[in-house]
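Undergrad: Input: one structure, supplied below.
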Amino acid sequence: MIKVVGVLAMILAGILTLMGAILVVLFVFTGFSDKVDYFVQWWAKSINYLSRVDVVVEGIEKLPQEPCLYIFNHLSLFDIPIIFAGIPRKLRFGAKKELFYIPLFGWGMKMMGIIPIDRKNRAQAVVALRNAIVKIKRDQLNIILAPEGTRQTQLRVGEFKSGPFVTALQAQVPIVPLVLTGAHEILPKSHYIFRLDKRRSCRIQILDPISTTGLNEEDRHHLKTLAHEKMSKAFQKSQG
């Protein structure tokens, strides 16, 4: 019975997501693009409600007011509604380009300003990250990227790629690490049905921002190592 309810919740979440994508497109075309972020937060909270999830945020006082580059450990597709519901900032994700081919959903992502990243083409990925710098500087938006590049199958913080750190250095904005726990229990990688056997809490731990002021691209490996160490330590501690 619980599995059936999980399937129904997943279907309803899919319908909400497609309807949301259509509304995002309409908001942009009708001149109400400033309302998009409020709507996306409502969407995220609705998905969490359907999934019997409580989002707990620790360290909210550490969030800078100025544009930043956020990074997070990626274990589940459910990371997205958790972050949108828990972080009260205008966020634009980097997402694999294949998602943009989905009718309606892909259009909504494009209209919202989500950044397509081709993980198989380094040159295209570099262009995407340069576009992220433009969004940070010109549009005063916060970009959020998964430095692991993809969802992890094990309960750990995976190896980081350099791209997000180069982006932060070129934009000269702080890097804000987010450590997520609990999302994998609801929707782990390669699973497509919500686990609704009990109510769960998903936690976002906001770590201290890492400054990039005065640093250059040669410092990317140092920043990558520093961020990885901080996030790994926090994640391991959260796992007991």
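Ordering of the structure tokens sets the chain letters (A, B, ...); residue numbers start at 1 within each chain; ligands are numbered from 1 in the order shown.
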Just the residues within 6 Å of range 90-98 of chain A, please, counting only C-alpha atoms, with nothing from its chain fewer than 5 positions along; format it as number ranges by chain.
TA: A: 114-118, 141-145
Undergrad: Since we have the selection now, will you write its residues out, keeping C-alpha atoms, as a PDB file, in the first residue's frame?
TA:
ATOM      1  CA  ILE A 114      18.932  27.321 -15.192  1.00  0.00           C
ATOM      2  CA  ILE A 115      22.394  26.723 -16.672  1.00  0.00           C
ATOM      3  CA  PRO A 116      22.760  23.745 -19.069  1.00  0.00           C
ATOM      4  CA  ILE A 117      25.985  21.821 -18.512  1.00  0.00           C
ATOM      5  CA  ASP A 118      27.306  19.254 -20.971  1.00  0.00           C
ATOM      6  CA  LEU A 141      21.932  35.944  -8.858  1.00  0.00           C
ATOM      7  CA  ASN A 142      23.325  33.130  -6.762  1.00  0.00           C
ATOM      8  CA  ILE A 143      24.553  30.119  -8.707  1.00  0.00           C
ATOM      9  CA  ILE A 144      24.472  26.679  -7.135  1.00  0.00           C
ATOM     10  CA  LEU A 145      26.515  23.776  -8.491  1.00  0.00           C
TER      11      LEU A 145
END
Undergrad: Could you pull the residues within 8 Å of Arg199 in chain A, counting only C-alpha atoms, minus those fewer than 2 positions along the same chain, as a list in words?
TA: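 That gives Arg52, Val53, Asp54, Leu196, Asp197 and Ser201 of chain A.
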Undergrad: Using DSSP on the backbone coordinates, identify all residues within range 69-238 of chain A classified as strand (DSSP E); present the result as JSON, numbers by chain.
TA: {"A": [69, 70, 71, 72, 91, 92, 93, 94, 95, 96, 115, 116, 117, 142, 143, 144, 145, 175, 176, 177, 178, 179, 180, 181, 200, 201, 202, 203, 204, 205, 206]}
Undergrad: With 9 Å as the cut-off and only C-alpha atoms counted, what is the closest atom pair between each nearby residue of range 15-122 of chain A and range 179-184 of chain A? Distances in Å to one decimal, ordered by chain and number, as a tab-separated table.
TA:
residue	atom	partner	partner_atom	distance
A:Ile71	CA	A:Val179	CA	8.5
A:Phe72	CA	A:Val179	CA	5.8
A:Asn73	CA	A:Val179	CA	6.0
A:His74	CA	A:Leu180	CA	7.8
A:Leu75	CA	A:His184	CA	5.7
A:Ser76	CA	A:His184	CA	5.2
A:Leu77	CA	A:Ala183	CA	8.0
A:Phe78	CA	A:Ala183	CA	5.7
A:Asp79	CA	A:Ala183	CA	6.1
A:Ile82	CA	A:Ala183	CA	7.9
A:Ile83	CA	A:Leu180	CA	8.7
Undergrad: Let's have the selection written as a PDB file, in the first residue's frame, with C-alpha atoms.
TA:
ATOM      1  CA  ILE A  71      28.038  24.173  -3.705  1.00  0.00           C
ATOM      2  CA  PHE A  72      26.338  21.040  -2.335  1.00  0.00           C
ATOM      3  CA  ASN A  73      26.892  17.307  -2.029  1.00  0.00           C
ATOM      4  CA  HIS A  74      24.618  15.523  -4.490  1.00  0.00           C
ATOM      5  CA  LEU A  75      22.985  12.243  -3.441  1.00  0.00           C
ATOM      6  CA  SER A  76      19.435  12.497  -4.787  1.00  0.00           C
ATOM      7  CA  LEU A  77      17.131  14.247  -7.241  1.00  0.00           C
ATOM      8  CA  PHE A  78      15.314  15.330  -4.107  1.00  0.00           C
ATOM      9  CA  ASP A  79      18.226  17.648  -3.262  1.00  0.00           C
ATOM     10  CA  ILE A  82      15.096  20.646  -0.416  1.00  0.00           C
ATOM     11  CA  ILE A  83      17.490  23.454  -1.353  1.00  0.00           C
TER      12      ILE A  83
END
Undergrad: Quick one: DSSP alpha helix (DSSP H) residues in range 22-237 of chain A, as a compact mmCIF listing (two decimals) with C-alpha atoms, in the first residue's frame?
TA:
# COMPACT_ATOMS: atom_id res chain seq x y z
CA ILE A 22 4.39 26.07 -17.87
CA LEU A 23 3.70 28.77 -15.30
CA VAL A 24 7.35 29.85 -15.27
CA VAL A 25 7.19 30.29 -19.06
CA LEU A 26 3.97 32.30 -18.71
CA PHE A 27 5.44 34.46 -15.95
CA VAL A 28 8.41 35.35 -18.16
CA PHE A 29 6.34 36.05 -21.28
CA VAL A 36 9.35 33.20 -10.54
CA ASP A 37 11.43 32.69 -7.39
CA TYR A 38 8.40 32.91 -5.10
CA PHE A 39 6.60 30.36 -7.21
CA VAL A 40 9.57 27.97 -7.30
CA GLN A 41 9.81 28.09 -3.53
CA TRP A 42 6.09 27.26 -3.32
CA TRP A 43 6.66 24.35 -5.72
CA ALA A 44 9.53 23.03 -3.60
CA LYS A 45 7.52 23.22 -0.39
CA SER A 46 4.60 21.42 -2.08
CA ILE A 47 6.88 18.58 -3.20
CA ASN A 48 8.27 18.29 0.33
CA TYR A 49 4.75 18.20 1.77
CA LEU A 50 3.73 15.43 -0.64
CA ASP A 79 18.23 17.65 -3.26
CA ILE A 80 16.65 20.26 -5.55
CA PRO A 81 13.30 20.84 -3.76
CA ILE A 82 15.10 20.65 -0.42
CA ILE A 83 17.49 23.45 -1.35
CA PHE A 84 14.84 25.64 -2.98
CA ALA A 85 12.62 25.30 0.09
CA GLY A 86 15.38 25.84 2.62
CA PHE A 105 10.02 21.08 -18.29
CA GLY A 106 13.09 22.01 -20.33
CA TRP A 107 11.44 25.22 -21.55
CA GLY A 108 10.65 26.22 -17.98
CA MET A 109 14.24 25.56 -16.94
CA LYS A 110 15.55 27.69 -19.78
CA MET A 111 13.15 30.54 -19.03
CA MET A 112 14.06 30.46 -15.37
CA ARG A 122 34.52 20.13 -21.53
CA ALA A 123 34.52 23.12 -23.92
CA GLN A 124 30.73 23.44 -23.69
CA ALA A 125 30.89 23.09 -19.92
CA VAL A 126 33.41 25.93 -19.75
CA VAL A 127 31.04 28.14 -21.78
CA ALA A 128 28.19 27.28 -19.41
CA LEU A 129 30.27 28.25 -16.39
CA ARG A 130 31.21 31.53 -18.06
CA ASN A 131 27.49 32.20 -18.48
CA ALA A 132 27.14 31.54 -14.76
CA ILE A 133 29.65 34.33 -14.09
CA VAL A 134 27.52 36.70 -16.19
CA LYS A 135 24.43 35.81 -14.16
CA ILE A 136 26.28 36.42 -10.91
CA LYS A 137 27.71 39.78 -11.94
CA ARG A 138 25.00 41.22 -14.21
CA GLY A 163 34.89 24.06 -12.62
CA PRO A 164 32.79 25.57 -9.80
CA PHE A 165 35.87 26.89 -8.05
CA VAL A 166 37.22 28.51 -11.21
CA THR A 167 33.80 30.13 -11.66
CA ALA A 168 33.84 31.55 -8.13
CA LEU A 169 37.40 32.83 -8.57
CA GLN A 170 36.62 34.53 -11.86
CA ALA A 171 33.48 36.11 -10.42
CA ALA A 183 17.48 13.15 0.72
CA HIS A 184 18.92 9.78 -0.32
CA GLU A 185 16.46 8.07 2.04
CA ILE A 186 13.53 9.47 0.06
CA ARG A 220 41.47 26.60 -7.46
CA HIS A 221 43.03 23.37 -6.18
CA HIS A 222 43.53 24.83 -2.72
CA LEU A 223 39.89 25.98 -2.61
CA LYS A 224 38.68 22.63 -3.91
CA THR A 225 40.63 20.75 -1.24
CA LEU A 226 39.53 23.12 1.52
CA ALA A 227 35.84 22.89 0.57
CA HIS A 228 36.00 19.11 0.22
CA GLU A 229 37.60 18.70 3.64
CA LYS A 230 35.04 20.93 5.33
CA MET A 231 32.06 19.27 3.65
CA SER A 232 33.34 15.73 4.18
CA LYS A 233 33.93 16.37 7.87
CA ALA A 234 30.46 17.89 8.32
CA PHE A 235 28.78 15.08 6.38
CA GLN A 236 30.56 12.33 8.31
CA LYS A 237 29.64 14.00 11.58
